[in-house]
Amino acid sequence: MSARPPITIVGAGLVGSLLATLLAQRGFVVQVFEKRPDPRTHGFLGGRSINLSLVERGLAPLRLAGLADAVLATTVTMAGRMVHAPGGGTNLQRYGINAAEVDHSVGRGDLNMLLLDAAERAGARLHFDASLASADFANGTITLADHAGTRRTHQPGLLVGCDGAGSALRAALAAQTDLGERTDALGHGYKELAIPARPDGGFALEPNALHIWPRGNYMCIALPNTAGNFTVTLFLPGTGAYPSFATLPDAAAAQRLFTEQFADALALMPTFHADWDAHPVGQLATLYLDRWNLDGRAVLLGDAAHAVVPFHGQGMNAGFEDAAALATLLAAQPGDPGAVFGEFSRQRKPNADAIAAMSIANYHEMSDSVADPHYLLQRELAAALTARVPEHFMARYRMVSFTALPYATCVARDREQTRFMDRILRGRTTLAGIDLDAVAARARRELPPLPRAV
Ligand SMILES: Cc1cc2nc3c(=O)[nH]c(=O)nc-3n(C[C@H](O)[C@H](O)[C@H](O)COP(=O)(O)OP(=O)(O)OC[C@H]3O[C@@H](n4cnc5c(N)ncnc54)[C@H](O)[C@@H]3O)c2cc1C
């Protein structure tokens, strides 16, 4: 094994703890510094998005770390989107074409704690209540502070920033070099609410689905937890005409909106007022950087490098892919971190940009299009093509969630397929009268076979 530099990871969230595991498993000496107290002894202070959608793209890096089965044992399967119409009717839109193509709802706290245990088992040293306060790149030291403000210095070796969207390491790097940083606010925020388990412990809604109440430019969603409860998230414009967060000054006003628009959900939310008052409005934005590293000294990944809006459920999944890519590259070339960090950015940045764009597009799809007749007609044609020519046609959601195709490939392929469907559907409101076998033969001629990473 060639000489491996010591590695310091800032942030023991989802990405930092998986990366620590993967690097320690590859023979690196790894230390991790986390701002918060240890959630395994102090309770999880996550504060946002209690559960997350995990898909194949995030499972593959967990498999690499030997953790996929342990994580899957803590999840609830979601076979598709259960769309709740304003009148109360429901319609399940399946994500995949077989029982294996499903999303998994995973609790953020449980997952984080499982990953911390794994990192320690692999040999990484974890330090809690240790927040990165500053970095001195000239002298190769960083300063860490505990909650009381007591400071200590540390020689980090290679510095890896997994400290999330508000990354302190990113700020320290930006003081050294122009990272080309840009943040685009979506203008929409979110508020987390809850549907508890029924008194007998059962689920109050169909458990194996991601529930959506699409209402134009706003929506509610609910994801199941293994304990029988659902985490509900309301997404709404921050300002502007009703309904926006600015037009809902208190829980009573919010309850009026729910009575009008989400009555079936509200009926299952006995703690609505308390949840509304207890949870702040979270802000949503996309972070873009031109550069993720300072030569061979420091690199950023996960939300610290490319936070996205959550509408494709991919931020964590993308961060896990980052962790696997960086650990693999470093293990292959441990003596040249400058080359590794450069190659890592070259591989991952186009894909980060692609998932950022798809995540914004999916907001419109989820809040609006899932109830739109043209979108539903496209879905019908897509299903017909998937059944007839699966090697030439795959819906975008399936490419993103159930394959390892790079995100950038998914975007390019989706564009090509959408143009093809537009040619077939021009001027139509139904598939009646279309010779679907002839369309499939045309797809075989006009759409090249899907790449092999499917
Ligand atoms: C509402 C919402 C829903 C989401 N849903 C999904 C989903 O369904 N699927 C999905 O894949 N993704 C989802 N995401 C995205 C996902 O939460 C993030 O992409 C993921 O948490 C990123 O992991 P990370 O480790 O990079 O950052 P974080 O999870 O933010 O972890 C960063 C860690 O760094 C620590 N830290 C911060 N500053 C310092 C410091 N100065 N020093 C030391 N430590 C520090 C923090 O305490 C934290 O532990 C969602 C996000 C939101 C907001």
# chains A, B, ... in the order shown; residues from 1 in each chain; ligands from 1
>>> residues_near_ligand(ligand="ligand 1", cutoff="7 Å", atoms="only C-alpha atoms and all ligand atoms", output="number ranges by chain")
A: 10-16, 33-36, 48-49, 51-54, 130-133, 162-168, 190, 284, 301-304, 307, 309-310, 313-319
>>> write_last_selection(atoms="C-alpha atoms", output="short mmCIF file (atom, residue, chain, number, x, y, z; two decimals), in the first residue's frame")
data_model
loop_
_atom_site.label_atom_id
_atom_site.label_comp_id
_atom_site.auth_asym_id
_atom_site.auth_seq_id
_atom_site.Cartn_x
_atom_site.Cartn_y
_atom_site.Cartn_z
CA VAL A 10 -15.25 18.47 8.57
CA GLY A 11 -18.87 17.47 9.26
CA ALA A 12 -20.18 14.06 10.38
CA GLY A 13 -23.57 14.35 8.68
CA LEU A 14 -24.72 11.81 6.12
CA VAL A 15 -21.95 12.34 3.57
CA GLY A 16 -19.08 12.92 6.02
CA PHE A 33 -14.82 16.95 13.40
CA GLU A 34 -18.54 17.56 13.91
CA LYS A 35 -20.10 20.76 15.24
CA ARG A 36 -23.00 19.05 17.04
CA ARG A 48 -34.94 19.40 9.24
CA SER A 49 -36.32 16.78 6.88
CA ASN A 51 -37.01 11.37 6.51
CA LEU A 52 -35.44 11.13 3.09
CA SER A 53 -35.94 9.17 -0.09
CA LEU A 54 -33.05 6.76 -0.73
CA ALA A 130 -15.90 20.51 17.47
CA SER A 131 -16.84 23.18 14.96
CA LEU A 132 -14.44 24.37 12.27
CA ALA A 133 -13.79 28.00 13.20
CA CYS A 162 -18.69 17.67 4.30
CA ASP A 163 -20.14 20.45 6.45
CA GLY A 164 -23.31 21.03 4.47
CA ALA A 165 -24.90 23.93 2.61
CA GLY A 166 -23.60 26.57 5.06
CA SER A 167 -20.06 25.09 4.91
CA ALA A 168 -17.46 26.85 7.06
CA TYR A 190 -41.00 24.57 3.49
CA LEU A 284 -34.70 26.37 -0.45
CA LEU A 301 -18.39 17.46 -1.43
CA GLY A 302 -22.05 16.82 -0.73
CA ASP A 303 -24.18 19.87 0.09
CA ALA A 304 -21.03 21.89 0.86
CA ALA A 307 -26.77 21.85 -2.40
CA VAL A 309 -33.61 21.84 -3.92
CA PRO A 310 -35.15 18.59 -2.64
CA GLY A 313 -35.03 13.52 -3.50
CA GLN A 314 -31.40 13.36 -4.65
CA GLY A 315 -29.21 15.59 -2.43
CA MET A 316 -28.11 12.79 -0.12
CA ASN A 317 -28.03 10.24 -2.95
CA ALA A 318 -25.74 12.54 -4.96
CA GLY A 319 -23.57 13.17 -1.89
#
>>> residues_around(residues="Thr239 in chain A", least_positions_apart="4", cutoff="10 Å", atoms="only C-alpha atoms", output="list in words")
Gly187, His188, Gly189, Pro243, Ser244, Phe245, Ala246, Thr247 and Leu248 of chain A
>>> closest_atom_pairs(of="range 68-176 of chain A", to="range 201-207 of chain A", cutoff="12 Å", atoms="only C-alpha atoms", output="tab-separated table")
residue	atom	partner	partner_atom	distance
A:Thr75	CA	A:Pro207	CA	11.3
A:Val76	CA	A:Pro207	CA	7.6
A:Thr77	CA	A:Pro207	CA	8.1
A:Met78	CA	A:Pro207	CA	7.6
A:Ala79	CA	A:Pro207	CA	9.6
A:Gly80	CA	A:Pro207	CA	10.8
A:Arg81	CA	A:Glu206	CA	10.7
A:Met82	CA	A:Glu206	CA	8.4
A:Val83	CA	A:Glu206	CA	11.5
A:His84	CA	A:Leu205	CA	11.2
A:Thr90	CA	A:Glu206	CA	10.5
A:Asn91	CA	A:Glu206	CA	11.4
A:Leu92	CA	A:Glu206	CA	10.1
A:His104	CA	A:Pro207	CA	11.3
A:Ser105	CA	A:Pro207	CA	10.2
>>> residues_around(residues="Ala352 in chain A", least_positions_apart="5", cutoff="10 Å", atoms="only C-alpha atoms", output="short mmCIF file (atom, residue, chain, number, x, y, z; two decimals) with N, CA and C atoms, in the first residue's frame")
data_model
loop_
_atom_site.label_atom_id
_atom_site.label_comp_id
_atom_site.auth_asym_id
_atom_site.auth_seq_id
_atom_site.Cartn_x
_atom_site.Cartn_y
_atom_site.Cartn_z
N LEU A 287 -27.00 25.74 -4.79
CA LEU A 287 -25.64 26.28 -4.68
C LEU A 287 -24.80 25.80 -5.85
N TYR A 288 -24.18 26.74 -6.54
CA TYR A 288 -23.28 26.39 -7.65
C TYR A 288 -21.88 26.90 -7.33
N LEU A 289 -20.87 26.08 -7.54
CA LEU A 289 -19.47 26.52 -7.43
C LEU A 289 -18.76 26.16 -8.73
N GLY A 302 -20.70 16.78 -1.29
CA GLY A 302 -22.05 16.82 -0.73
C GLY A 302 -22.63 18.22 -0.82
N ALA A 305 -20.65 21.43 -1.51
CA ALA A 305 -20.22 21.76 -2.89
C ALA A 305 -21.40 22.05 -3.80
N HIS A 306 -22.54 21.40 -3.56
CA HIS A 306 -23.63 21.51 -4.55
C HIS A 306 -24.99 21.22 -3.92
N ALA A 307 -25.43 22.05 -2.98
CA ALA A 307 -26.77 21.85 -2.40
C ALA A 307 -27.82 22.07 -3.48
N VAL A 308 -28.82 21.20 -3.51
CA VAL A 308 -29.89 21.33 -4.52
C VAL A 308 -31.24 21.42 -3.80
N GLY A 315 -30.38 14.94 -3.04
CA GLY A 315 -29.21 15.59 -2.43
C GLY A 315 -28.31 14.60 -1.71
N ALA A 318 -26.86 11.98 -4.20
CA ALA A 318 -25.74 12.54 -4.96
C ALA A 318 -24.50 12.65 -4.08
N GLY A 319 -24.70 13.05 -2.82
CA GLY A 319 -23.57 13.17 -1.89
C GLY A 319 -22.92 11.81 -1.63
N ASP A 322 -20.77 11.08 -4.50
CA ASP A 322 -19.51 11.83 -4.33
C ASP A 322 -18.54 11.06 -3.44
N SER A 345 -13.53 16.57 -9.21
CA SER A 345 -14.39 17.68 -9.64
C SER A 345 -14.80 17.51 -11.10
N GLN A 347 -15.15 14.77 -12.78
CA GLN A 347 -16.17 13.72 -12.91
C GLN A 347 -17.52 14.17 -12.37
N ALA A 357 -30.45 21.06 -12.03
CA ALA A 357 -31.47 21.46 -13.01
C ALA A 357 -32.69 20.53 -12.92
N MET A 358 -32.45 19.23 -12.80
CA MET A 358 -33.58 18.28 -12.75
C MET A 358 -34.40 18.47 -11.47
N PRO A 406 -24.85 8.44 -15.15
CA PRO A 406 -24.54 9.79 -14.64
C PRO A 406 -25.73 10.72 -14.85
N TYR A 407 -25.93 11.62 -13.85
CA TYR A 407 -27.06 12.56 -13.95
C TYR A 407 -27.04 13.31 -15.28
N ALA A 408 -25.83 13.70 -15.75
CA ALA A 408 -25.76 14.48 -16.99
C ALA A 408 -26.26 13.65 -18.17
#
>>> atom_distance(atom1="CA of His279 in chain A", atom2="CA of Phe235 in chain A")
13.3 Å
>>> decode(residues="range 305-329 of chain A", atoms="N, CA and C atoms", output="JSON list (two decimals), in the first residue's frame")
[["chain", "number", "residue", "atom", "x", "y", "z"],
["A", 305, "ALA", "N", -20.65, 21.43, -1.51],
["A", 305, "ALA", "CA", -20.22, 21.76, -2.89],
["A", 305, "ALA", "C", -21.40, 22.05, -3.80],
["A", 306, "HIS", "N", -22.54, 21.40, -3.56],
["A", 306, "HIS", "CA", -23.63, 21.51, -4.55],
["A", 306, "HIS", "C", -24.99, 21.22, -3.92],
["A", 307, "ALA", "N", -25.43, 22.05, -2.98],
["A", 307, "ALA", "CA", -26.77, 21.85, -2.40],
["A", 307, "ALA", "C", -27.82, 22.07, -3.48],
["A", 308, "VAL", "N", -28.82, 21.20, -3.51],
["A", 308, "VAL", "CA", -29.89, 21.33, -4.52],
["A", 308, "VAL", "C", -31.24, 21.42, -3.80],
["A", 309, "VAL", "N", -32.27, 21.86, -4.52],
["A", 309, "VAL", "CA", -33.61, 21.84, -3.92],
["A", 309, "VAL", "C", -34.08, 20.39, -3.88],
["A", 310, "PRO", "N", -34.97, 20.02, -2.93],
["A", 310, "PRO", "CA", -35.15, 18.59, -2.64],
["A", 310, "PRO", "C", -36.16, 17.84, -3.51],
["A", 311, "PHE", "N", -36.54, 18.38, -4.66],
["A", 311, "PHE", "CA", -37.71, 17.83, -5.35],
["A", 311, "PHE", "C", -37.45, 16.59, -6.20],
["A", 312, "HIS", "N", -36.20, 16.19, -6.35],
["A", 312, "HIS", "CA", -35.95, 14.88, -6.95],
["A", 312, "HIS", "C", -35.52, 13.90, -5.86],
["A", 313, "GLY", "N", -35.47, 14.38, -4.61],
["A", 313, "GLY", "CA", -35.03, 13.52, -3.50],
["A", 313, "GLY", "C", -33.62, 12.99, -3.75],
["A", 314, "GLN", "N", -32.70, 13.86, -4.21],
["A", 314, "GLN", "CA", -31.40, 13.36, -4.65],
["A", 314, "GLN", "C", -30.19, 13.94, -3.92],
["A", 315, "GLY", "N", -30.38, 14.94, -3.04],
["A", 315, "GLY", "CA", -29.21, 15.59, -2.43],
["A", 315, "GLY", "C", -28.31, 14.60, -1.71],
["A", 316, "MET", "N", -28.89, 13.80, -0.84],
["A", 316, "MET", "CA", -28.11, 12.79, -0.12],
["A", 316, "MET", "C", -27.60, 11.71, -1.08],
["A", 317, "ASN", "N", -28.45, 11.28, -2.00],
["A", 317, "ASN", "CA", -28.03, 10.24, -2.95],
["A", 317, "ASN", "C", -26.82, 10.72, -3.76],
["A", 318, "ALA", "N", -26.86, 11.98, -4.20],
["A", 318, "ALA", "CA", -25.74, 12.54, -4.96],
["A", 318, "ALA", "C", -24.50, 12.65, -4.08],
["A", 319, "GLY", "N", -24.70, 13.05, -2.82],
["A", 319, "GLY", "CA", -23.57, 13.17, -1.89],
["A", 319, "GLY", "C", -22.92, 11.81, -1.63],
["A", 320, "PHE", "N", -23.73, 10.76, -1.55],
["A", 320, "PHE", "CA", -23.18, 9.41, -1.36],
["A", 320, "PHE", "C", -22.36, 9.00, -2.60],
["A", 321, "GLU", "N", -22.87, 9.36, -3.79],
["A", 321, "GLU", "CA", -22.08, 9.07, -5.00],
["A", 321, "GLU", "C", -20.74, 9.81, -4.95],
["A", 322, "ASP", "N", -20.77, 11.08, -4.50],
["A", 322, "ASP", "CA", -19.51, 11.83, -4.33],
["A", 322, "ASP", "C", -18.54, 11.06, -3.44],
["A", 323, "ALA", "N", -19.06, 10.58, -2.29],
["A", 323, "ALA", "CA", -18.20, 9.92, -1.31],
["A", 323, "ALA", "C", -17.54, 8.68, -1.92],
["A", 324, "ALA", "N", -18.33, 7.90, -2.66],
["A", 324, "ALA", "CA", -17.77, 6.69, -3.28],
["A", 324, "ALA", "C", -16.72, 7.07, -4.32],
["A", 325, "ALA", "N", -17.01, 8.11, -5.12],
["A", 325, "ALA", "CA", -16.06, 8.52, -6.18],
["A", 325, "ALA", "C", -14.76, 9.01, -5.56],
["A", 326, "LEU", "N", -14.86, 9.85, -4.53],
["A", 326, "LEU", "CA", -13.63, 10.41, -3.94],
["A", 326, "LEU", "C", -12.81, 9.32, -3.25],
["A", 327, "ALA", "N", -13.47, 8.44, -2.51],
["A", 327, "ALA", "CA", -12.73, 7.38, -1.81],
["A", 327, "ALA", "C", -12.02, 6.47, -2.81],
["A", 328, "THR", "N", -12.68, 6.16, -3.91],
["A", 328, "THR", "CA", -12.10, 5.27, -4.92],
["A", 328, "THR", "C", -10.89, 5.94, -5.58],
["A", 329, "LEU", "N", -11.05, 7.22, -5.94],
["A", 329, "LEU", "CA", -9.94, 7.94, -6.60],
["A", 329, "LEU", "C", -8.75, 8.09, -5.66]]
